[in-house]
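Below is one structure, written out as structure tokens; the observations come after it.
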Amino acid sequence: MTIPSPDLDDRSFQDIVDEAKRLIPKYCPAWTNHNLSDPGIALIELFAWMTEMTLYRLNQVPDRLYAKFLELIGIDLFPASPARTELTFWLSAPSATTLVVPAGTQVGTAPGRDGGNVVFTTDEDLTIVQPKLTGLLTSDGPSHYRNGWEDLRFGRAGVRCFTSEPLASDDAFYLGFDGPLSGNTLRLDLVASVEGLGVNPHRPPLRWEVWTGNGWDGARVLVDETGGLNQDGTITLLLPPAHAPITLGDQRAWWVRGRLDQREGEEAPYVTSPRIRAVRASSLGGTVSAHHGEPVAPETLGYSDGLPGQEFQLRHHPVLPRRPGEAVVVTTDGSPEEWQEVEDFSASDPDDRHVVWDANDGQVRFGPAIRALDGSMVQHGAVPPKGAEIAVAGYRVGGGLSGNVGAGTLTALRTTIPYVDRVANLRAAGGGVDPEPIENAKMRAPALIRTGQRAVTAHDYERLTLEADRRVARTRCLPPAEPGGPVRVLIVPHTYKRAADLVLDDFTLPDDLVDQVAAYLDRRRTLGTTVEISTPYYQGLTVATRLKLLPGRPHEAVRQRALDLLYTYLNPLVGGARGTGWPFDEEAGAAMVYELLEGVDGVSYVDDVLLFEADLRNERRVGKGKEWARLDPDSLFLSYNHRVVVE
């Protein structure tokens with residue numbers, strides 16, 4: 001059991017008042033009116049209240065000593081993590097020249113009532129180019145391509161998009177361009193024939209994809225006026241951030257393809273292939289990744305006094321992880337020099353120009369001198385010469401929950417960019433986490449002290465993965481399936497959307513999160529062990545139920561309560577009986593749902609419950625209703641489209 005932390009003084013307000021009243025006969029025997037209306041009693045209660053406040057502060061001393069102990073053994077609070085999203089810049093009109101939205105461009109939300117706003121900064125340059133169409137291919141398989149470029153340019157009948165007989169899934173047509181269109185918003189103006197019959201024009205079985213160098217990545221369809229290539233109109237595509245050349249049919253180009261995806265049970269298939277008579281391409285803008293952060297101009301912190309262990313305070317914090325060019329600069333006799341950032345000074349020699357950043361408090365620290373056993377002083381890290389100027393070349397502040405803003409809220413461009421008309425985030429920002437509270441560090445410290453910093457057991461991998469990045473909400477380590485195989489680490493990222501609004505894409509792992517966790521585990525894994533980082537398989541689960549209502553209760557309110565409860569209960573982050581996320585390996589049963597729904601206010605009894613598995617990627621139910629739904633060791637439940645009937 002844990003050692004209890006005693007109160008240094010456990011007296012309450014009433015204890016102090018009673019103690020003072022008992023002393024009245026001894027020191028003031030003439031004072032006989034001890035009622036609350038007496039002014040003297042009122043003064044006693046006032047001083048008792050003030051004394052209680054002093055005792056409260058005194059009892060915080062053990063907590064403060066605990067926090068100082070954590071600092072002493074090198075356990076720091078995790079810093080804030082910035083939210084991330086993608087910003088789409090729209091041109092006022094297609095430009096004949098190449099436009100560049102430079103890295104570091106700032107976009108914010110509209111100012112609030114207090115005048116403040118949330119600012120995001122782009123991560124890299126966005127190049128918006130006007131595309132030149134150079135080729136068109138059709139293919140009914142991965143090794144057979146037919147060149148339709150001449151038919152498109154000179155033929156009156158146009159080009160038949162899909163050539164297999166009968167039409168089969170993965171049949172495709174390819175549009176080739178003379179250069180990369182990474183992140184661009186591509187507009188295709190099409191002249192098409194009304195021949196692609198049989199499809200739902202609002203959900204045609206057509207997937208647009210781009211070759212990224214590692215495979216075909218999906219492009220997001222913003223507008224499709226053609227009804228699935230069935231009429232003249234415009235298709236606007238949001239291309240992914242990578243676009244690489246590849247040789248198809250003896251022609252090397254940067255390809256964008258439209259692939260037939262006629263899966264059984266989904267969208268209605270084409271009866272005949274549509275034809276394209278003409279196509280014109282232009283760029284309307286582009287999309288680039290951005291993070292919640294605001295750059296700070298170079299800042300002079302002060303001057304060195306020549307002593308070890310100096311600390312300098314930044315004007316703003318919390319500070320985001322430093323990027324190239326964001327460093328401490330020490331200027332001696334007019335000669336500036338960047339000093340290297342390290343996690344701590346334990347491995348620093350006296351001549352190493354090392355510095356430590358405290359991201360939470362916004363402090364810059366130089367190496368201390370520590371007395372050795374023989375009485376000599378050992379310097380860890382160099383000391384800036386006396387009188388040297390200490391400055392930072394720049395840094396960024398931000399991070400936290402405030403950056404998790406909704407879609408369409410980042411619209412205020414803080415700098416003017418020629419030809420850029422507007423900007424917006426088409427998807428909500430996510431991943432922002434506040435700095436670690438001291439209470440969490442207190443719980444983390446005992447496990448850290450007991451197990452150290454080595455990944456040996458599955459529990460070690462899970463604990464270290466949670467330490468690696470604040471955006472990790474849950475994790476599970478699966479041992480190798482066979483000797484010599486990789487250790488699998490499954491990660492569930494934080495997301496702050498409502499449980500009912502969660503979709504599969506909300507649990508996608510950002511590349512920088514995977515890189516951060518991989519690097520953190522790589523330094524701590526045992527020799528010869530390989531680590532594979534991935535996400536759990538999210539098993540969609542739909543509950544269909546019929547509820548009987550108590551007399552006089554509103555149908556819609558009861559139905560909404562039941563839906564909210566189901567979406568929360570069958571949830572990877574806040575689900576399960578404990579509200580900490582649905583447990584790995586735990587099956588779900590209709591009996592559990594019965595018990596859950598019977599507690600909903602307004603429900604008389606639950607008439608029927610069935611569970612349906614669902615394919616979240618293709619958004620459809622799979623199989624028949626059942627009493628139990630089971631999970632594989634690498635799987636978690638995620639609610640999908642629950643059905644609640646209230647009678």
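Just remember, in the structure tokens the first chain shown is A, the second B, etc., residues are 1-based per chain, and ligands are 1-based in the order shown.
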Check the DSSP output for the backbone and give back, as JSON, numbers by chain, the residues of region 117-202 of chain A in helix (DSSP H, G or I). {"A": [149, 150, 151, 152, 153, 154]}
Pick out each residue of region 172-215 of chain A that DSSP on the backbone tags as strand (DSSP E); I need them as a list in words.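 Of region 172-215 of chain A, the ones in strand (DSSP E) are Ala172, Phe173, Tyr174, Leu175, Gly176, Phe177, Asn184, Thr185, Leu186, Arg187, Leu188, Asp189, Leu190, Val191, Ala192, Leu206, Arg207, Trp208, Glu209, Val210 and Trp211 of chain A.
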Same residues, C-alpha atoms, output as a PDB file, in the first residue's frame:
ATOM      1  CA  ALA A 172      -8.968   3.199 -64.470  1.00  0.00           C
ATOM      2  CA  PHE A 173      -8.023   6.174 -66.621  1.00  0.00           C
ATOM      3  CA  TYR A 174      -4.909   8.267 -65.994  1.00  0.00           C
ATOM      4  CA  LEU A 175      -4.254  11.977 -66.513  1.00  0.00           C
ATOM      5  CA  GLY A 176      -0.551  12.810 -66.869  1.00  0.00           C
ATOM      6  CA  PHE A 177       1.012  16.190 -66.025  1.00  0.00           C
ATOM      7  CA  ASN A 184      -2.622  21.618 -55.090  1.00  0.00           C
ATOM      8  CA  THR A 185      -6.358  22.089 -55.485  1.00  0.00           C
ATOM      9  CA  LEU A 186      -6.856  20.730 -58.997  1.00  0.00           C
ATOM     10  CA  ARG A 187      -9.865  21.752 -61.089  1.00  0.00           C
ATOM     11  CA  LEU A 188     -10.798  19.587 -64.067  1.00  0.00           C
ATOM     12  CA  ASP A 189     -13.251  21.102 -66.564  1.00  0.00           C
ATOM     13  CA  LEU A 190     -14.731  18.145 -68.419  1.00  0.00           C
ATOM     14  CA  VAL A 191     -16.841  17.699 -71.518  1.00  0.00           C
ATOM     15  CA  ALA A 192     -18.439  14.260 -71.105  1.00  0.00           C
ATOM     16  CA  LEU A 206     -15.208   6.354 -58.631  1.00  0.00           C
ATOM     17  CA  ARG A 207     -12.029   6.936 -56.598  1.00  0.00           C
ATOM     18  CA  TRP A 208      -9.540   9.672 -57.474  1.00  0.00           C
ATOM     19  CA  GLU A 209      -5.921   8.867 -56.585  1.00  0.00           C
ATOM     20  CA  VAL A 210      -2.392  10.260 -56.976  1.00  0.00           C
ATOM     21  CA  TRP A 211       0.937   8.431 -57.288  1.00  0.00           C
TER      22      TRP A 211
END
Work out how far CA of Arg414 (chain A) is from CA of Arg471 (chain A), in Å to one decimal. 27.8 Å
Leaving out Val118 (chain A) and any residue of its chain fewer than 4 positions from it, which residues lie within 12 Å of it when counting only C-alpha atoms, given as an MDAnalysis selection string? chainID A and resid 82:83 106:112 291:294 397:406 409:414 429
Can you pull out the residues contacting Val609 (chain A)? Cut-off 6 Å, using only C-alpha atoms, and skip same-chain residues under 2 positions away; I want them as a PyMOL selection string. chain A and resi 544-545+590
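Residues in contact with Glu86 (chain A) at 9 Å, where only C-alpha atoms are counted and same-chain residues fewer than 5 positions away are skipped, are listed as Thr122, Thr287, Val288, Ser289, Ala290, His291, Ala424, Asn425, Leu426, Arg427, Ala428 and Ala429 of chain A.
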Print the selection's residues with C-alpha atoms to a file, as a PDB file, in the first residue's frame.
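As written to disk, selection14.pdb reads:
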ATOM      1  CA  THR A 122       2.414  26.536 -41.901  1.00  0.00           C
ATOM      2  CA  THR A 287      -3.171  22.721 -49.056  1.00  0.00           C
ATOM      3  CA  VAL A 288      -0.308  22.581 -46.580  1.00  0.00           C
ATOM      4  CA  SER A 289       0.086  21.216 -43.057  1.00  0.00           C
ATOM      5  CA  ALA A 290       0.151  23.667 -40.135  1.00  0.00           C
ATOM      6  CA  HIS A 291       0.537  23.571 -36.360  1.00  0.00           C
ATOM      7  CA  ALA A 424      -9.636  27.893 -44.339  1.00  0.00           C
ATOM      8  CA  ASN A 425      -9.081  24.591 -42.575  1.00  0.00           C
ATOM      9  CA  LEU A 426     -11.421  22.071 -44.184  1.00  0.00           C
ATOM     10  CA  ARG A 427     -10.936  19.660 -41.290  1.00  0.00           C
ATOM     11  CA  ALA A 428     -10.901  20.218 -37.547  1.00  0.00           C
ATOM     12  CA  ALA A 429      -7.536  20.620 -35.848  1.00  0.00           C
TER      13      ALA A 429
END
Proximity of region 232-258 of chain A to region 144-158 of chain A: per-residue shortest pair, 12 Å limit, only C-alpha atoms, as CSV:
residue,atom,partner,partner_atom,distance
A:Thr247,CA,A:Tyr145,CA,11.1
A:Leu248,CA,A:Tyr145,CA,7.3
A:Gly249,CA,A:Tyr145,CA,5.4
A:Asp250,CA,A:Tyr145,CA,9.1
A:Gln251,CA,A:Asn147,CA,9.3
Preceding selection exported with C-alpha atoms as a JSON list (two decimals), in the first residue's frame:
[["chain", "number", "residue", "atom", "x", "y", "z"],
["A", 247, "THR", "CA", 6.45, 5.58, -66.05],
["A", 248, "LEU", "CA", 3.17, 4.07, -67.25],
["A", 249, "GLY", "CA", 2.73, 2.78, -70.77],
["A", 250, "ASP", "CA", 6.21, 4.03, -71.78],
["A", 251, "GLN", "CA", 5.33, 7.58, -70.69]]
Selection near Ile44 (chain A), 10 Å with only C-alpha atoms, sequence-local residues under 6 positions removed, as a PDB file with C-alpha atoms, in the first residue's frame:
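The new file around_16.pdb reads:
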ATOM      1  CA  ILE A  16     -10.299  26.411  16.313  1.00  0.00           C
ATOM      2  CA  VAL A  17     -13.487  28.311  17.295  1.00  0.00           C
ATOM      3  CA  ASP A  18     -14.331  25.762  20.001  1.00  0.00           C
ATOM      4  CA  ALA A  20     -10.878  29.662  21.615  1.00  0.00           C
ATOM      5  CA  LYS A  21     -14.268  29.599  23.405  1.00  0.00           C
ATOM      6  CA  MET A  50      -7.705  33.236   8.829  1.00  0.00           C
TER       7      MET A  50
END
Within 10 Å of region 490-504 of chain A: each region 571-625 of chain A residue with its shortest pair, only C-alpha atoms, as a Markdown table:
| residue | atom | partner | partner_atom | distance |
| --- | --- | --- | --- | --- |
| A:Asn571 | CA | A:Ala499 | CA | 7.1 |
| A:Pro572 | CA | A:Val492 | CA | 7.7 |
| A:Leu573 | CA | A:His494 | CA | 7.7 |
| A:Val574 | CA | A:Ala499 | CA | 8.2 |
| A:Gly575 | CA | A:Ala499 | CA | 9.2 |
| A:Gly581 | CA | A:Val492 | CA | 9.9 |
| A:Leu616 | CA | A:Leu504 | CA | 6.4 |
| A:Arg617 | CA | A:Leu504 | CA | 7.0 |
| A:Glu619 | CA | A:Leu504 | CA | 9.8 |
What lies within 12 Å of region 518-520 of chain A using only C-alpha atoms, ignoring chain neighbours under 4 positions off, as a ChimeraX atom specification? /A:453-455,461,463-469,487-491,511-514,524-525,530-534
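With only C-alpha atoms as the atoms that count, the residue of A:Ala42, A:Lys26, A:Pro241, A:Phe69 with the shortest distance to Asp123 (chain A) is A:Pro241.
The residue that comes closest to Ala388 (chain A), out of A:Trp357, A:Gly334, A:Ser37, A:Ile370 and on the basis of only C-alpha atoms, is A:Gly334.
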